[in-house]
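*Asks:* One file: query34.cif (mmCIF, C-alpha atoms and all ligand atoms).
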data_start
#
loop_
_atom_site.label_atom_id
_atom_site.label_comp_id
_atom_site.auth_asym_id
_atom_site.auth_seq_id
_atom_site.Cartn_x
_atom_site.Cartn_y
_atom_site.Cartn_z
CA MET F 179 -66.26 -36.97 -51.62
CA ALA F 180 -68.08 -34.94 -48.99
CA GLU F 181 -65.71 -34.10 -46.24
CA GLU F 182 -65.48 -31.54 -43.54
CA LYS F 183 -62.21 -29.63 -43.52
CA SER F 184 -60.64 -26.90 -41.46
CA LEU F 185 -58.62 -24.86 -43.93
CA GLU F 186 -56.45 -21.87 -43.30
CA ASN F 187 -57.38 -20.38 -46.62
CA VAL F 188 -60.89 -20.96 -47.79
CA ASP F 189 -60.85 -21.25 -51.55
CA GLN F 190 -62.29 -18.28 -53.38
CA ASN F 191 -64.80 -20.63 -54.99
CA ALA F 192 -66.16 -21.86 -51.69
CA ASN F 193 -69.67 -20.68 -50.93
CA LEU F 194 -70.71 -19.53 -47.50
CA VAL F 195 -73.68 -21.55 -46.24
CA GLY F 196 -73.95 -19.93 -42.80
CA ARG F 197 -72.81 -19.92 -39.22
CA LYS F 198 -72.06 -23.39 -37.90
CA SER F 199 -74.18 -22.77 -34.83
CA ASP F 200 -77.20 -22.09 -37.04
CA LEU F 201 -76.72 -25.26 -39.10
CA ILE F 202 -76.67 -27.93 -36.39
CA GLY F 203 -79.18 -30.66 -37.26
CA VAL F 204 -80.28 -29.19 -40.59
CA LYS F 205 -81.29 -31.10 -43.70
CA ARG F 206 -82.06 -28.72 -46.50
CA GLN F 207 -81.62 -28.02 -50.15
CA ILE F 208 -79.34 -25.15 -51.13
CA LYS F 209 -78.40 -23.85 -54.55
CA ILE F 210 -74.83 -23.15 -55.66
CA ASP F 211 -74.04 -21.94 -59.16
CA GLY F 212 -77.45 -23.21 -60.32
CA ARG F 213 -76.86 -26.66 -58.85
CA ASN F 214 -79.20 -28.07 -56.20
CA ILE F 215 -77.27 -29.39 -53.24
CA LEU F 216 -78.48 -31.45 -50.31
CA PHE F 217 -76.84 -30.02 -47.20
CA VAL F 218 -77.02 -32.13 -44.04
CA HIS F 219 -75.68 -32.06 -40.51
CA LYS F 220 -75.74 -35.53 -39.01
CA LYS F 221 -73.87 -37.01 -36.03
CA GLY F 222 -71.56 -34.02 -35.73
CA LYS F 223 -70.59 -33.90 -39.41
CA PHE F 224 -71.68 -31.79 -42.35
CA PHE F 225 -72.35 -33.32 -45.76
CA ALA F 226 -73.08 -31.84 -49.17
CA LEU F 227 -74.15 -33.84 -52.20
CA ASP F 228 -76.26 -33.42 -55.32
CA SER F 229 -79.87 -33.25 -54.21
CA LYS F 230 -81.55 -34.99 -57.15
CA CYS F 231 -81.15 -38.75 -57.03
CA TYR F 232 -78.91 -40.29 -59.70
CA HIS F 233 -81.53 -42.99 -60.39
CA SER F 234 -84.42 -40.88 -61.70
CA GLY F 235 -84.03 -37.45 -60.16
CA GLY F 236 -85.91 -38.04 -56.91
CA PRO F 237 -85.77 -35.23 -54.30
CA LEU F 238 -83.22 -36.47 -51.77
CA HIS F 239 -83.80 -33.46 -49.51
CA LYS F 240 -87.21 -35.01 -48.74
CA GLY F 241 -85.72 -38.39 -47.84
CA ASP F 242 -85.14 -39.89 -44.40
CA ILE F 243 -81.67 -40.60 -43.07
CA GLU F 244 -80.81 -44.11 -41.88
CA ASP F 245 -77.72 -45.70 -40.42
CA VAL F 246 -76.40 -48.57 -42.52
CA PRO F 247 -73.80 -51.02 -41.18
CA ASN F 248 -70.34 -50.51 -42.73
CA PHE F 249 -71.41 -47.21 -44.27
CA SER F 250 -72.05 -43.91 -42.58
CA SER F 251 -75.53 -42.45 -42.52
CA CYS F 252 -77.46 -42.84 -45.76
CA ILE F 253 -80.16 -40.71 -47.31
CA VAL F 254 -83.13 -42.78 -48.49
CA CYS F 255 -84.60 -41.54 -51.74
CA PRO F 256 -88.35 -41.03 -51.30
CA TRP F 257 -89.15 -42.22 -54.83
CA HIS F 258 -87.73 -45.77 -55.06
CA ARG F 259 -86.06 -46.11 -51.65
CA TYR F 260 -82.47 -46.33 -52.91
CA LYS F 261 -80.00 -45.64 -50.11
CA ILE F 262 -77.08 -43.29 -50.77
CA CYS F 263 -74.15 -42.87 -48.38
CA LEU F 264 -73.89 -39.22 -47.29
CA GLN F 265 -70.12 -39.48 -46.90
CA THR F 266 -69.14 -41.12 -50.18
CA GLY F 267 -72.14 -40.89 -52.53
CA GLU F 268 -72.14 -44.68 -52.91
CA SER F 269 -75.42 -46.41 -53.60
CA VAL F 270 -75.78 -49.23 -51.08
CA TYR F 271 -77.98 -52.30 -50.88
CA GLN F 272 -78.41 -55.30 -48.65
CA GLU F 273 -77.70 -58.61 -50.29
CA ALA F 274 -80.76 -60.87 -50.50
CA TYR F 275 -81.08 -64.59 -51.14
CA PRO F 276 -84.00 -65.46 -53.47
CA HIS F 277 -84.38 -68.95 -52.02
CA GLN F 278 -84.17 -67.77 -48.43
CA PRO F 279 -86.38 -64.67 -48.31
CA VAL F 280 -86.02 -64.19 -44.55
CA LYS F 281 -82.23 -64.28 -44.62
CA ARG F 282 -80.46 -61.03 -45.45
CA GLY F 283 -76.81 -60.66 -46.31
CA PRO F 284 -74.27 -57.91 -45.76
CA TRP F 285 -74.61 -54.36 -47.00
CA LYS F 286 -72.73 -53.68 -50.22
CA SER F 287 -71.96 -50.82 -52.55
CA THR F 288 -72.81 -50.54 -56.22
CA GLY F 289 -70.22 -47.75 -56.49
CA VAL F 290 -70.20 -43.98 -56.24
CA LYS F 291 -73.29 -42.69 -58.04
CA GLN F 292 -74.11 -39.40 -56.32
CA ARG F 293 -71.71 -36.49 -56.54
CA THR F 294 -70.54 -35.22 -53.16
CA HIS F 295 -69.05 -31.80 -52.49
CA CYS F 296 -66.47 -30.49 -50.06
CA VAL F 297 -67.63 -28.92 -46.79
CA ILE F 298 -65.21 -26.49 -45.17
CA GLU F 299 -65.36 -25.07 -41.67
CA ARG F 300 -63.52 -21.88 -40.85
CA GLU F 301 -63.90 -19.46 -37.97
CA GLY F 302 -67.36 -20.68 -37.11
CA ASN F 303 -68.61 -20.49 -40.69
CA ILE F 304 -69.48 -23.37 -43.00
CA TYR F 305 -68.65 -23.25 -46.70
CA VAL F 306 -69.40 -25.65 -49.55
CA GLN F 307 -67.10 -25.98 -52.50
CA LEU F 308 -68.40 -27.82 -55.55
CA SER F 309 -66.33 -30.84 -56.50
CA ASP F 310 -64.42 -31.07 -59.76
CA LEU F 311 -67.21 -31.22 -62.33
CA THR F 312 -64.99 -32.21 -65.24
CA GLN F 313 -65.38 -35.92 -64.55
CA GLU F 314 -68.87 -37.21 -65.30
CA MET F 315 -70.84 -38.82 -62.52
CA PRO F 316 -74.27 -40.51 -62.76
CA SER F 317 -76.01 -37.83 -60.67
CA ASP F 318 -74.84 -35.10 -63.08
CA HIS F 319 -77.63 -35.97 -65.48
CA TYR F 320 -80.27 -34.61 -63.09
CA ASN F 321 -78.25 -31.96 -61.31
CA LYS F 322 -76.33 -29.94 -63.81
CA GLU F 323 -77.84 -26.76 -65.08
CA ARG F 324 -79.40 -27.19 -68.48
CA PRO F 325 -78.78 -24.56 -71.14
CA PRO F 326 -81.70 -22.21 -71.77
CA ARG F 327 -84.03 -23.27 -74.53
CA GLU F 328 -83.37 -21.60 -77.86
CA GLU F 329 -85.94 -19.04 -78.80
CA GLY F 330 -88.32 -20.24 -81.49
CA VAL F 331 -87.51 -23.90 -80.88
CA PRO F 332 -90.60 -25.77 -79.69
CA ASN F 333 -90.41 -27.40 -76.27
CA VAL F 334 -92.64 -30.29 -77.30
CA HIS F 335 -91.92 -32.26 -80.41
CA LEU F 336 -94.96 -33.85 -82.02
CA LYS F 337 -94.59 -36.74 -84.34
CA ASP F 338 -96.92 -38.86 -86.42
CA TRP F 339 -97.33 -42.41 -85.24
S1 LIG D 401 -85.26 -41.65 -58.10
FE1 LIG D 401 -84.20 -42.10 -56.29
S2 LIG D 401 -84.37 -44.21 -56.08
FE2 LIG D 401 -85.35 -43.79 -57.95
#
Can you turn what I pasted into structure tokens?
Ligand code: FES
*Replies:*
Amino acid sequence: MAEEKSLENVDQNANLVGRKSDLIGVKRQIKIDGRNILFVHKKGKFFALDSKCYHSGGPLHKGDIEDVPNFSSCIVCPWHRYKICLQTGESVYQEAYPHQPVKRGPWKSTGVKQRTHCVIEREGNIYVQLSDLTQEMPSDHYNKERPPREEGVPNVHLKDW
């Protein structure tokens, strides 16, 4: 879960993003250990989450941010308009009623789909620490570093139809 902490001892694995004063209002993609991270400052809080959308790999750093009732601010994927909570990584949707197209229901979650990472503030600096990557998460498919291609192995496989 993305959360902003004030720690006495910043973990050795935490990565310095920059001075807090330089990061107010930013929405940008950063790279940590080969992983693309969406880093956002919104409404006084910093968030870090995988930057490629769990659905099909859309570039979340190019998405707009919207407020969604019962959830904090959400990033809207520019490809298929899925909304992902910046705080929790949950994919959220508004219930619809097929026989009453004008009526809309409450906002709900389909569960945590996008991996979020820990944001740490210390002495005016902001750090991001990658979350525990040992437990699979849907967004991992598009965000984890792929092993380099073996030499001599073709990239495109042709087959007879
Ligand atoms: S790729 Fe993001 S909603 Fe489809």
*Asks:* Can I get the residues of chain F within 6 Å of ligand LIG 401 (chain D), each with the closest pair of atoms and their distance in Å to one decimal, using all atoms listed in the file, sorted chain first then ascending number, as CSV?
*Replies:*
residue,atom,partner,partner_atom,distance
F:Cys231,CA,D:LIG401,FE1,4.6
F:His233,CA,D:LIG401,S1,4.6
F:Ser234,CA,D:LIG401,S1,3.8
F:Gly235,CA,D:LIG401,S1,4.8
F:Gly236,CA,D:LIG401,S1,3.9
F:Cys255,CA,D:LIG401,FE1,4.6
F:Trp257,CA,D:LIG401,S1,5.1
F:His258,CA,D:LIG401,S2,3.8
F:Arg259,CA,D:LIG401,S2,5.1
F:Tyr260,CA,D:LIG401,S2,4.3
*Asks:* Residues near His239 (chain F), anyone? I mean within 8 Å using all atoms listed in the file, not counting same-chain ones fewer than 4 positions away, as a list in words.
*Replies:*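 Those residues are Lys205, Arg206, Gln207, Leu216 and Ser229 of chain F.
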*Asks:* Let me make sure I understand: among F:Lys281, F:Lys209, F:Lys240, F:His295, which one has the smallest atom-to-atom distance to Phe225 (chain F) if we use only C-alpha atoms?
*Replies:* F:His295
*Asks:* May I have the centre and edge lengths, in Å to one decimal, of an axis-aligned box around the listed atoms of region 259-265 of chain F with 3 Å added to every side, as JSON?
*Replies:*
{"center_x": -78.1, "center_y": -42.8, "center_z": -49.9, "size_x": 21.9, "size_y": 13.1, "size_z": 12.0}
*Asks:* Which one is closest to Asn321 (chain F): F:Asn193, F:Thr288, F:Thr294, F:Ser251? Count all atoms listed in the file.
*Replies:*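 Closest residue, counting all atoms listed in the file: F:Thr294.
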*Asks:* Measuring between all atoms listed in the file, which one of F:Glu268, F:Leu227, F:Ala274, F:Leu194 shows the shortest distance to Arg213 (chain F)?
*Replies:* F:Leu227
*Asks:* Residues within 12 Å of (-70.6, -20.9, -62.6), file coordinates, counting only C-alpha atoms: what are they? Give the list as a PDB file with C-alpha atoms, in the frame of the given file.
*Replies:*
ATOM      1  CA  ASN F 191     -64.800 -20.630 -54.990  1.00  0.00           C
ATOM      2  CA  ALA F 192     -66.160 -21.860 -51.690  1.00  0.00           C
ATOM      3  CA  ASN F 193     -69.670 -20.680 -50.930  1.00  0.00           C
ATOM      4  CA  LYS F 209     -78.400 -23.850 -54.550  1.00  0.00           C
ATOM      5  CA  ILE F 210     -74.830 -23.150 -55.660  1.00  0.00           C
ATOM      6  CA  ASP F 211     -74.040 -21.940 -59.160  1.00  0.00           C
ATOM      7  CA  GLY F 212     -77.450 -23.210 -60.320  1.00  0.00           C
ATOM      8  CA  ARG F 213     -76.860 -26.660 -58.850  1.00  0.00           C
ATOM      9  CA  GLN F 307     -67.100 -25.980 -52.500  1.00  0.00           C
ATOM     10  CA  LEU F 308     -68.400 -27.820 -55.550  1.00  0.00           C
ATOM     11  CA  LEU F 311     -67.210 -31.220 -62.330  1.00  0.00           C
ATOM     12  CA  LYS F 322     -76.330 -29.940 -63.810  1.00  0.00           C
ATOM     13  CA  GLU F 323     -77.840 -26.760 -65.080  1.00  0.00           C
TER      14      GLU F 323
END
*Asks:* Could you tell me how far CA of Asp228 (chain F) sits from CA of Gln313 (chain F), in Å to one decimal place?
*Replies:*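 These two atoms are separated by 14.5 Å.
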*Asks:* So that I can see what lies close to Gly222 (chain F), please list as a ChimeraX atom specification the residues with an atom at most 12 Å from it, counting only C-alpha atoms and leaving out residues fewer than 6 positions away in the same chain.
*Replies:* /F:182,198-199,201-204,251
*Asks:* Could you list as a PyMOL selection string every residue that has an atom within 6 Å of (-74.9, -39.3, -55.4), using the file's coordinates and counting all atoms listed in the file?
*Replies:* chain F and resi 232+267+291-293+317
*Asks:* Just to confirm, what's the straight-line distance from CA of Ser287 (chain F) to CA of Leu264 (chain F) in Å (one decimal)?
*Replies:*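 It comes out at 12.9 Å.
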